[in-house]
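J.: Can you read through this structure? Questions will come right after.
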Amino acid sequence: MRYFLLLLLLPVLSTAQTNEDYIRLVRKVDTPRTFFTLPPGSANKDLMQVRGDLSDPSSIRRIAITRNQILVINNVRSLSFSGNFSTSAAVSRASRLPALQQQYAQGFDNQYRGPETGTLFSYGPAISTLEYDGSSYAWDNNGQLVAKGSGNGKAANVYNNSILRTGMTLTNDLSLKVTYHPLTGNKWQLEIKAGQENDKSIIRQNDNLRQHAGLALSHNIKGMQLFLNYDYAADHFDYANRNRFLNRVYQYALLTPVSFQNAQGTMIGNTQRSYSNGADNPLFLLQDHDNDYNRRFHNASFKIENNTGRIKYSLIPSIQSHRTTSTEAYAPGTTGFPDGSVTHRQQNDLIFQARGNGRYDLPRILNYRVGSSLDLSYNYANTRTDIRYQHLLPEYKYRRITHEPILFYNAALSPRSYWDLNLEVGNKAYISNTADKQSYWLPSIAISGKKSMRVADKWLAARLISKLHQFNSELPINQSVAALTLFNYTLTTLPGFLPVTEISHYTGLQPVHHQEWSNDLEVTYGTFAIDATYYIRTTHHDVLPIISNNTILLQNMVNHVNKGLEVQLSHNKSFRIGGRYTYIRNSLSFTTYKNRVKSVTDGYNYTPTAGLSDVYTAVVAGAPSNVIVGSAYLRDANHQVVTDADGNPVVDPQLRVLGNPNPDFMMAMSNLLTIKSVSLNLSWQWKKGGEKWNGTAAMLDYYGRSASSALQRKSGTTPQIPVAEHYIARADYIRLNNISLSLDHNFRGYVNKLKVTAFVRNLLIWTPYKGVDPDQPLLEQGNSTGLDLFNLPATTNAGIEATILF
């Protein structure tokens with residue numbers, strides 16, 4: 001616009017070229033003056049005065065026209081600062097825990113048997129019938145427990161052996177933006193980010209530290225956008241849980257009888273002091289045995305982008321470096337490791353990626369109603385992963401190089417007012433050095449239409465998109481599946497679990513092929529909106545890891561289909577009540593899907609995806625994905641449980657499909673109310689359906705530590721070895737995810753805004769499931785939401801956060 005106004009002035013200014021005053025004026029322009037005027041006494045006295053510097057058009061910020069002047073406003077060098085700082089503090093506690101009995105002492109068959117006997121069970125007498133004898137006893141400072149009336153009269157204590165505490169998290173984050181405006185050209189912007197989180201977890205002697213920092217630089221040169229970015233993150237945890245260490249600590253804290261106190265000491269001489277030589281004292285495990293976990297992450301990227309003209313392009317190269325080291329130690333005398341165990345694990349990942357995109361906008365035709373473009377993209381990735389267990393062989397070295405060229409043709413048609421039609425057709429290729437077959441034909445097509453109209457003084461817009469596309473994928477080489485070796489263990493041999501085996505190789509496999517058809521409907525009317533998506537995804541020769549001769553191999557084995565529906569409703573409205581600004585936002589989402597296994601390669605049906613050898617999730621032909629498999633009662637032709645001569649149910653020698661962990665549907669709702677500077681936010685979640693194996697309840701029942709085992713003793717029943725079928729439970733829930741109250745205030749000066757938020761997260765959950773939160777996974781590995789074996793409890797967090805904008 002500024003150059004256009006200058007162009008309009010040229011004929012006027014040209015009339016002064018023979019004027020001596022003008023010649024003198026031009027000579028003066030070369031001097032560093034900030035403004036000039038045409039001499040009023042010259043022949044050009046009727047012309048408007050021009051104030052400003054015209055010597056360098058690129059230094060002009062804008063041009064303003066007043067009554068008798070044209071103001072040329074020039075750029076000035078400036079350096080400005082802006083940013084924000086946020087700090088938060090939160091306390092946390094376990095949200096749900098299994099119910100434990102506090103009435104019965106260690107022992108069996110109603111007889112007290114102390115820790116020196118090695119008894120693992122809590123089926124002894126009522127602790128109210130016991131007292132101490134006052135003798136010198138290594139396992140209790142008060143003496144040995146004897147029947148009431150035969151000791152020193154001091155009643156037996158009911159000890160609390162919980163290893164949980166109130167956790168605390170402190171977080172600080174700073175973001176600083178520095179903007180430089182030069183005299184000529186476009187601005188430079190630098191953003192500096194840094195932050196730290198100190199987490200004292202709910203498990204004793206388990207503290208974690210997370211740190212991050214970053215730099216981002218951006219600039220525009222003649223329509224070309226340049227971006228430089230660098231991110232750094234570092235994590236330090238006191239304990240790695242890759243080997244189920246924290247689950248083990250939590251397990252033995254729950255199983256410790258109420259007649260034994262772990263806190264009285266962890267050693268008797270040179271041996272571990274615990275309630276049984278077949279169990280651990282959790283405080284012994286938590287002693288400093290050089291356990292730690294460290295992760296370092298670096299990411300650097302560069303972006304060039306040009307969105308002007310008919311030819312548009314972008315190039316984004318990036319490099320990432322991950323280094324993870326962990327020490328997983330068990331001291332001598334640990335159950336399952338009598339001589340102790342120290343595992344030093346190191347994983348290095350180096351990922352180079354380059355993404356390029358070019359677009360050419362073809363000339364518009366048919367009265368500019370039809371526009372089209374050609375898009376060419378190219379994605380390149382080079383990933384290297386090295387995993388090493390110190391003093392153990394082999395060393396694992398993985399390499400993958402992938403190329404994904406993509407070509408699309410896009411056409412947009414506007415046949416009449418408020419109508420838009422779009423067509424996109426394309427093809428991509430997938431080329432990988434780890435795949436045994438390259439794919440050059442992965443076509444796609446998408447058709448969409450949009451209609452806008454006014455209905456009852458409000459705009460109604462509807463858009464329908466239908467897309468059919470294909471793509472290939474492979475199992476990431478930098479994600480360890482060592483936890484799969486848990487399948488080599490049973491409930492009784494679990495204390496010896498030590499994951500030191502990785503995938504042997506990733507080569508020689510077909511890429512996983514996906515074909516998806518999706519339909520998306522978007523409708524907005526006034527302040528209401530609805531977005532609905534229905535999709536069908538078919539997956540062929542999916543890859544799963546298997547264990548063969550203590551080696552983890554990959555195998556193409558599964559074909560499955562996933563059908564789903566996602567619907568989201570939202571309503572946004574702002575208005576005034578008594579002169580106060582009020583804003584309401586409500587949203588409701590509904591999600592359902594059915595993922596069913598169509599077929600499994602011969603010999604691989606019932607292949608485990610997570611769990612132990614006697615209960616696990618698996619792929620089963622004709623069943624939903626990741627069904628629960630385990631022991632079940634033997635049934636006759638009428639599906640009645642078969643009993644033995646004593647009337648006890650008989651266990652089927654074959655493992656059976658017991659349950660489906662996949663939910664029927666999930667719903668989520670969020671509500672926001674803002675009145676002036678105060679905001680209240682709520683979010684809810686409802687999961688309907690889905691089952692889970694409650695292995696925690698099974699073990700607590702078996703060893704007599706559950707509240708239900710105390711009730712069983714009152715009714716005269718005898719505990720039996722748990723059968724997995726008996727512990728399949730519903731995992732539905734309704735959860736109040738978050739409630740927060742915010743207050744913000746604007747300022748004038750260096751501080752622009754202050755916002756203070758009080759929040760409670762994961763506040764309430766209603767569920768028929770007995771135990772911890774049913775969403776907690778097994779060993780934090782995928783495909784394991786249907787399994788619970790001393791899964792760590794979820795937390796409820798309450799805190800306050802303050803954010804300052806400057």
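Just so we're on the same page: first chain in the structure tokens is A, next is B, and so on; residues restart at 1 for each chain, and ligands are numbered from 1 in the order they show up.
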Output as a compact mmCIF listing (two decimals) with C-alpha atoms, in the first residue's frame all residues of segment 424-459 of chain A that backbone DSSP marks as strand (DSSP E).
T.:
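Below is the file that was written, states.txt:
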# COMPACT_ATOMS: atom_id res chain seq x y z
CA GLU A 424 -8.12 -34.73 -3.50
CA VAL A 425 -6.46 -37.72 -5.16
CA GLY A 426 -2.99 -38.94 -4.57
CA ASN A 427 -0.52 -41.73 -4.03
CA LYS A 428 2.31 -42.42 -1.66
CA ALA A 429 5.12 -44.93 -1.48
CA TYR A 430 6.75 -46.59 1.51
CA ILE A 431 10.37 -47.72 1.13
CA SER A 432 12.25 -49.17 4.09
CA SER A 439 5.27 -50.43 -1.56
CA TYR A 440 4.93 -47.96 -4.43
CA TRP A 441 1.13 -47.93 -4.78
CA LEU A 442 -0.74 -46.61 -1.74
CA PRO A 443 -3.48 -44.50 -3.32
CA SER A 444 -5.93 -42.21 -1.59
CA ILE A 445 -8.98 -40.16 -2.52
CA ALA A 446 -10.97 -37.61 -0.54
CA ILE A 447 -14.16 -35.79 -1.49
CA SER A 448 -15.71 -32.99 0.53
CA GLY A 449 -18.57 -30.56 0.18
CA LYS A 450 -19.55 -27.52 2.22
CA LYS A 451 -22.79 -25.55 2.24
CA SER A 452 -23.44 -22.29 4.10
CA MET A 453 -26.77 -20.49 4.50
CA ARG A 454 -28.67 -18.22 6.83
CA VAL A 455 -31.43 -19.84 8.87
CA LYS A 458 -28.04 -17.32 12.06
CA TRP A 459 -25.45 -18.91 9.86
J.: Taking 4 positions as the minimum chain separation for residues in the same chain, which residues sit within 8 Å of segment 767-773 of chain A when counting only C-alpha atoms? Answer as a PyMOL selection string.
T.: chain A and resi 95-99+694+696-697+729-734+791-794
J.: List the spatial neighbours of Val629 of chain A as a ChimeraX atom specification - criterion: any atom at most 12 Å away, only C-alpha atoms, same-chain residues fewer than 6 positions off excluded.
T.: /A:605-620,623,654-661,691-693,723-725,727-728,786-787
J.: Just the helix (DSSP H, G or I) stuff from segment 38-248 of chain A, please, per backbone DSSP, written as a list in words.
T.: Pro57, Ser58, Ser59, Pro115, Glu116, Thr117, Ile127, Ser128, Thr129, Phe245, Leu246, Asn247 and Arg248 of chain A
J.: Counting only C-alpha atoms, which of A:Ser321, A:Asn270, A:Thr385, A:Thr66 gets nearest to Gly333 of chain A?
T.: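 Using only C-alpha atoms, the shortest distance to Gly333 of chain A belongs to A:Asn270.
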